[in-house]
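Engineer: Below you'll find the structure I mean.
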Amino acid sequence: MEIQKETSTAPLTEPSKKNTTKYSIIKWIIPLLKSKTGMLGISIVAIVCFTAVFAPLLAPYKPEKVDFSAISTPPFWMDGGSFNHILGTDNLGRDLLSRIIYGAQISLLVGISSVGVAGVIGVIIGLTSGYYGGLVDTLLMRFVDANIAIPSILFALVVLGFMSPTIITLIIVIGVSSWIGYARVVRSEVLSLKEREYVKAAKSIGVRNGTIMRRHLLPNVSSSVIVIATTSVATTIITEASLSFLGLGPQAVTWGKVLSDGRDYLSTSWWIATFPGIAITITVLGIIFLGDYLRDMLDPRIQE
Amino acid sequence: MDKMENLLQVKELKTHFMTMNGVVPSVNGVTFNIKKGEKVALVGESGSGKSVTSLSIMGLIEEPGKIVNGSIIFDERNLVDLREKEMEKIRGNDIAMIFQEPLTSLNPLFPVGKQIRESLLLHQKITRKEAKQRAIELLKKVGIPMPEQVYSSYPHSLSGGMRQRVMIAIALSCEPKLIIADEPTTALDVTIQAQILGILNELSELENTALLIITHDLGVVAEIADRVMVMYCGQIVEEADVFSIFDSPLHPYTEALLKSTPRLNGQEKLASIEGRVPNPLHMPKGCTFHTRCPYAIEKCSSNVPAIQEFRPNHHVRCWLADEEEGGIKIG
Amino acid sequence: MKYFLNRTAQVIPVLLIVSFILFFLVHISGDPVDIMLSENATEEDRETLRQSLGLDKPFIIQYFIFLTNMITGDFGKSIIYGQAALPIVLERIPATFELMLASIILSTAIAIPLGVLSAVKRNSPIDLLISGISILGKAMPNFWVGLMLILLFSVNLKIFPVSGTGSVFHLVLPAITIGSAMAAQMTRLLRSNMLDVLSQDYIRTAKSKGVKRLSIVYIHALRNSLLPVITVIALQISTLVGGALITETIFSWPGLGQLTIEAINARDMAVVQACVITIAVFVIIVNLIADLIYRFVDPRIRY
Ligand SMILES: Nc1ncnc2c1ncn2[C@@H]1O[C@H](COP(=O)(O)OP(=O)(O)OP(=O)(O)O)[C@@H](O)[C@H]1O
Ligand SMILES: [Mg+2]
């Protein structure tokens, strides 16, 4: 009875992953230049990474160098401050700027590695539970519920409270406490992907399950995983800082540690607690911007 | 008919959307009149600008859209110039609208009765109790069984047809002078379509309400309308009474539309019109239809035809209908 | 009601998993005997203690004992306080509850007007400002915000007390600390939901009825936009409680969080276990309530 409307039938073929070489680089850079927050995010992240890598060259002092002649020097613009210690010193006369520069190392290392740990665990579990269903799946969903019930920081606190916190344990603990997000998303994507024609076709011609997961499912969930991973770095950096702040971090200079050093000197040396917090905030902000940008580019469907 | 007074006069209306990719001239110089109590159909393919025309009349065009030209005279007032406050008093009270999607056009979190009552309370000086009474009467009027019960039920528990009846009840609630129905039956299945059209037809006649019914379904047109306007690419290309349109269409586009519609309510395969609707960002020069027109001549691709009265009360925008060209017979 | 019972029944496997994880953690975290006895205790002493604690039994049996004890509310004796752990923990609940409630009220009061405003004035300078502030709110670590508030309001301006309880003034800073993060999250969420809802067909219907702009936003759109916010906040509640752990410590707020940290630092296992279970139950209950509210507000999923 009516004039036919245009109907597009969904293509049965796999969305092409082939032409992701030359042209896509241009396709990526132009929107990046257009997106102000994307640019800002990428610049901040680049600067922080640069600082972390070249900390020994950039920092004016060794982070642990105690100087009793310069205890609690204020930042340079205040009375009693000097350019020797731009951001001032802490209660032991250690240079705050150097400590923050070195702190970037641990923060990034822990942040990125624990996201890696969480990502690997989460993707493997999400893939298997989405693809095979059954017991793994039921168990996963119960774990998701349980995960909602225990704050992940509490989990980390309890574990670290009973172990000696080293950087490695920290990475593993934070990783283990935060894999569920990946598993959930990957699982739900796999559930819909495995109904697609090309997956069914591959199955029907006898392609092995492992191959299907690797060749057809994994590439298709990768963009969601990248987006989650990026934003998770922000969360893990804050988690690491919180743990260090509570004295359960590694025996190293971290932003959370420096910050907690300043906690008892708030009334006399405000700068000790203030600057590391600013460093964390700016870094996290950069990561959030970068993550938002990646989400817009890669997968507009994922909401936070 | 001619002596009846005009209720709505749309003149040279242009509504454009300023998108990132350029200006989309969705409505590009539309002129028409609707008289009191008259039932007019606006037909055309998807994207021809029917909804934008109706939303322009309602003053509901939103960013990035803008009425850039023309006037909409309703009851001697130019709606284009009215302030939002005054427009709010007209909407739902003097002009009411029914939308295509009954499934999503009602707020899922409010009982339907409350949604009918709302416009009564807004526009009329009555108490809540009276409003409730009126709303139940309205529900009865649009043929809803057990209106008291439906009054307090939520939209999700009603079928599509029922919801569209509720929409009609809302539209009728303040006895408007004009109801704009934007594809009121497209989303419904055939038997329900007929019922809804019947109700709409009957009630608008009863209350002497003018009806602008938008559709791309010529079956609907035949059933309801006194007069038909055919729209293509933001312009009206032909306008005549319903018999002339069906019996002797003048514009090749109208002809194609008719051909694509099976005459009987049978399930014959639809013939669709050759070619595609032009990209609104790159409208063809000359007559907008020439790219798809089987009769196109040279002139069509260079010069824009004006709309002219070819026969009494039968207007068309086509070079081929030009008398100098010998009034080429179409259809 | 049937739904409610059903939903409550689902809580049991969750608690089982939580208890198992907890038991597992305690189990791998080292020999509790080491903590309970001094270094120079004899091997014999250790063995008797081990036996009396049931530590010589197989893993599963130990878990079973742990579980039955837990169900009867017996978490063992606190090392710090020298009395049963559970009452100590339960005593702290009102303080934490008070703080959470204040934070939720505060953040809702901030987030609703801001979220609505920024959605309605989309892409205007106001929207940019609000979005900027809420992203900043998300980026700042909770504990740092707390310290900065102390620095500003207690140390410099001397308006609010640094820490402790006793008056409404004590509540203000910790509530802002927790509430600000929540408000930031809610504002962002509300904005995007609101934008989504405002483009819905039923909003167009309301407009075509002549409903005024303000009523459209606050009557027709707000309720629909808040629905998903309830769910997300409920899911976020555990993150919030996580934030409360640290915030309570900073402000010496005598709640569950402070106790948990204190117990972890003192390796007071009984209290730690009781705290974790209590927090889990608390979070589960909040989620249950949120679920019920959702069902109450949204007629589409009423049974
Ligand atoms: N918000 C908008 N932004 C940009 N372009 C728009 C917008 N709304 C409508 N348009 C454009 O206006 C043109 C006409 O749209 P309109 O909705 O009026 O078509 P229609 O005739 O009602 O079609 P349908 O039968 O599908 O309802 C379309 O080309 C569309 O792309
Ligand atoms: Mg339309």
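In the structure tokens, chains take the letters A, B, ... in the order shown, each chain's residues start at 1, and ligands count up from 1 in the order shown.
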Can you pull out every residue with an atom within 10 Å of ligand 2? Use only C-alpha atoms and all ligand atoms and format it as a list in words.
Structural biologist: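 Counting only C-alpha atoms and all ligand atoms, the residues within 10 Å of ligand 2 come out as Gly44, Glu45, Ser46, Gly47, Ser48, Gly49, Lys50, Ser51, Val52, Thr53, Ser54, Leu55, Phe99, Gln100, Asp182, Glu183, Ile214, Thr215 and His216 of chain B.
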Engineer: Given the selection you just returned, output its residues as a file containing C-alpha atoms, formatted as a PDB file, in the first residue's frame.
Structural biologist:
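Now in out_28.pdb:
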```
ATOM      1  CA  GLY B  44       5.176  12.329  -0.883  1.00  0.00           C
ATOM      2  CA  GLU B  45       8.057   9.972  -0.509  1.00  0.00           C
ATOM      3  CA  SER B  46      10.147   9.709   2.587  1.00  0.00           C
ATOM      4  CA  GLY B  47      12.319  12.756   3.064  1.00  0.00           C
ATOM      5  CA  SER B  48      10.222  15.077   0.951  1.00  0.00           C
ATOM      6  CA  GLY B  49       9.695  17.427   3.884  1.00  0.00           C
ATOM      7  CA  LYS B  50       6.204  16.545   5.044  1.00  0.00           C
ATOM      8  CA  SER B  51       7.026  16.250   8.719  1.00  0.00           C
ATOM      9  CA  VAL B  52       9.169  19.354   8.656  1.00  0.00           C
ATOM     10  CA  THR B  53       6.254  21.270   7.145  1.00  0.00           C
ATOM     11  CA  SER B  54       3.945  20.160   9.927  1.00  0.00           C
ATOM     12  CA  LEU B  55       6.471  20.809  12.666  1.00  0.00           C
ATOM     13  CA  PHE B  99       2.359  11.452  15.417  1.00  0.00           C
ATOM     14  CA  GLN B 100       3.420   8.403  13.544  1.00  0.00           C
ATOM     15  CA  ASP B 182       1.643  12.903  10.668  1.00  0.00           C
ATOM     16  CA  GLU B 183       1.377   9.390   9.256  1.00  0.00           C
ATOM     17  CA  ILE B 214       0.344  13.471   6.147  1.00  0.00           C
ATOM     18  CA  THR B 215       1.055  10.157   4.571  1.00  0.00           C
ATOM     19  CA  HIS B 216       2.889   8.351   1.864  1.00  0.00           C
TER      20      HIS B 216
END
```
Engineer: Show me, as an mmCIF file with C-alpha atoms, in the first residue's frame, every residue of chain C with an atom at most 7 Å from chain A, counting only C-alpha atoms.
Structural biologist:
```cif
data_model
loop_
_atom_site.group_PDB
_atom_site.id
_atom_site.type_symbol
_atom_site.label_atom_id
_atom_site.label_comp_id
_atom_site.auth_asym_id
_atom_site.auth_seq_id
_atom_site.Cartn_x
_atom_site.Cartn_y
_atom_site.Cartn_z
ATOM 1 C CA VAL C 14 26.690 -13.811 46.288
ATOM 2 C CA ILE C 17 31.195 -16.281 47.019
ATOM 3 C CA VAL C 18 32.171 -13.266 49.087
ATOM 4 C CA LEU C 25 42.412 -14.582 51.184
ATOM 5 C CA SER C 29 47.740 -14.616 53.619
ATOM 6 C CA LEU C 136 37.435 17.473 37.103
ATOM 7 C CA ALA C 139 39.581 13.091 37.982
ATOM 8 C CA MET C 140 40.441 14.291 41.474
ATOM 9 C CA PRO C 141 41.291 11.513 43.927
ATOM 10 C CA TRP C 144 43.108 14.515 48.018
ATOM 11 C CA LEU C 151 43.409 22.789 54.139
ATOM 12 C CA VAL C 155 43.314 25.203 58.440
ATOM 13 C CA LEU C 235 26.122 -0.180 40.902
ATOM 14 C CA SER C 238 30.550 -0.155 46.218
ATOM 15 C CA THR C 239 32.997 2.327 44.709
ATOM 16 C CA VAL C 241 31.869 2.784 50.023
ATOM 17 C CA GLY C 242 35.443 2.296 48.861
ATOM 18 C CA ILE C 264 43.882 -4.124 58.445
ATOM 19 C CA ASN C 265 46.835 -2.177 59.775
ATOM 20 C CA ALA C 280 29.110 -6.589 51.397
ATOM 21 C CA VAL C 283 26.103 -2.859 49.492
ATOM 22 C CA ILE C 284 23.767 -5.699 48.601
#
```
Engineer: Near His315 (chain B), counting only C-alpha atoms, which residues have an atom at most 8 Å away, once you skip same-chain residues fewer than 5 positions from it, shown as an mmCIF file with N, CA and C atoms, in the first residue's frame?
Structural biologist:
```cif
data_model
loop_
_atom_site.group_PDB
_atom_site.id
_atom_site.type_symbol
_atom_site.label_atom_id
_atom_site.label_comp_id
_atom_site.auth_asym_id
_atom_site.auth_seq_id
_atom_site.Cartn_x
_atom_site.Cartn_y
_atom_site.Cartn_z
ATOM 1 N N VAL B 237 4.386 19.947 -5.639
ATOM 2 C CA VAL B 237 4.479 19.854 -7.090
ATOM 3 C C VAL B 237 3.109 19.730 -7.742
ATOM 4 N N GLU B 238 2.129 19.312 -6.985
ATOM 5 C CA GLU B 238 0.781 19.247 -7.554
ATOM 6 C C GLU B 238 -0.237 19.345 -6.443
ATOM 7 N N GLU B 239 -1.354 20.000 -6.754
ATOM 8 C CA GLU B 239 -2.383 20.159 -5.736
ATOM 9 C C GLU B 239 -3.740 20.187 -6.420
ATOM 10 N N ALA B 240 -4.650 19.318 -5.981
ATOM 11 C CA ALA B 240 -5.983 19.282 -6.591
ATOM 12 C C ALA B 240 -6.928 18.523 -5.686
ATOM 13 N N ILE B 307 4.743 27.066 -9.969
ATOM 14 C CA ILE B 307 3.475 26.366 -9.816
ATOM 15 C C ILE B 307 2.386 27.206 -10.476
ATOM 16 N N GLN B 308 1.500 26.535 -11.215
ATOM 17 C CA GLN B 308 0.465 27.297 -11.928
ATOM 18 C C GLN B 308 -0.835 26.522 -11.943
ATOM 19 N N GLU B 309 -1.917 27.276 -12.108
ATOM 20 C CA GLU B 309 -3.238 26.660 -12.104
ATOM 21 C C GLU B 309 -3.516 26.171 -13.511
ATOM 22 N N PHE B 310 -3.379 24.865 -13.722
ATOM 23 C CA PHE B 310 -3.494 24.308 -15.059
ATOM 24 C C PHE B 310 -4.962 24.162 -15.451
#
```
Engineer: Write out as a list in words which residues come within 12 Å of Lys140 (chain B) when counting only C-alpha atoms, dropping same-chain ones fewer than 2 positions away.
Structural biologist: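 These residues fall inside the cut-off: Gln133, Arg134, Ala135, Ile136, Glu137, Leu138, Val142, Gly143, Ile144, Pro145, Met146, Pro147, Glu148, Gln149, Val150, Tyr151, Met162, Arg165, Val166, Ile168, Ala169 and Ile199 of chain B.
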Engineer: Restricting the calculation to only C-alpha atoms, which member of B:Leu42, B:Ile61, B:Cys300, B:Leu82 is positioned closest to chain C?
Structural biologist: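 Of B:Leu42, B:Ile61, B:Cys300, B:Leu82, the one nearest chain C is B:Ile61, counting only C-alpha atoms.
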Engineer: Residues near Asn107 (chain B), anyone? I mean within 8 Å using only C-alpha atoms, not counting same-chain ones fewer than 6 positions away, as a list in words.
Structural biologist: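 Here the qualifying residues turn out to be Gln115 and Pro155 of chain B; Tyr202, Ile203 and His220 of chain C.
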Engineer: Export, as a compact mmCIF listing (two decimals), in the first residue's frame, the selected residues with N, CA, C and O atoms.
Structural biologist:
```
# COMPACT_ATOMS: atom_id res chain seq x y z
N GLN B 115 -2.04 11.87 30.96
CA GLN B 115 -1.51 12.54 29.77
C GLN B 115 -2.62 13.23 28.96
O GLN B 115 -2.37 14.20 28.27
N PRO B 155 0.95 3.29 29.29
CA PRO B 155 0.99 3.04 27.84
C PRO B 155 1.47 1.64 27.46
O PRO B 155 0.95 1.05 26.53
N TYR C 202 7.89 11.16 22.96
CA TYR C 202 6.87 11.60 23.91
C TYR C 202 7.10 13.02 24.40
O TYR C 202 6.19 13.69 24.85
N ILE C 203 8.35 13.47 24.31
CA ILE C 203 8.61 14.86 24.66
C ILE C 203 8.02 15.77 23.57
O ILE C 203 7.42 16.80 23.86
N HIS C 220 8.17 15.99 32.64
CA HIS C 220 8.18 14.89 31.68
C HIS C 220 9.55 14.25 31.52
O HIS C 220 9.66 13.04 31.39
```
Engineer: Which residues, written as an MDAnalysis selection string, have at least one atom at most 9 Å from Glu63 (chain B), with only C-alpha atoms counted and residues fewer than 2 positions away on the same chain left out?
Structural biologist: chainID B and resid 17:18 61 65:66
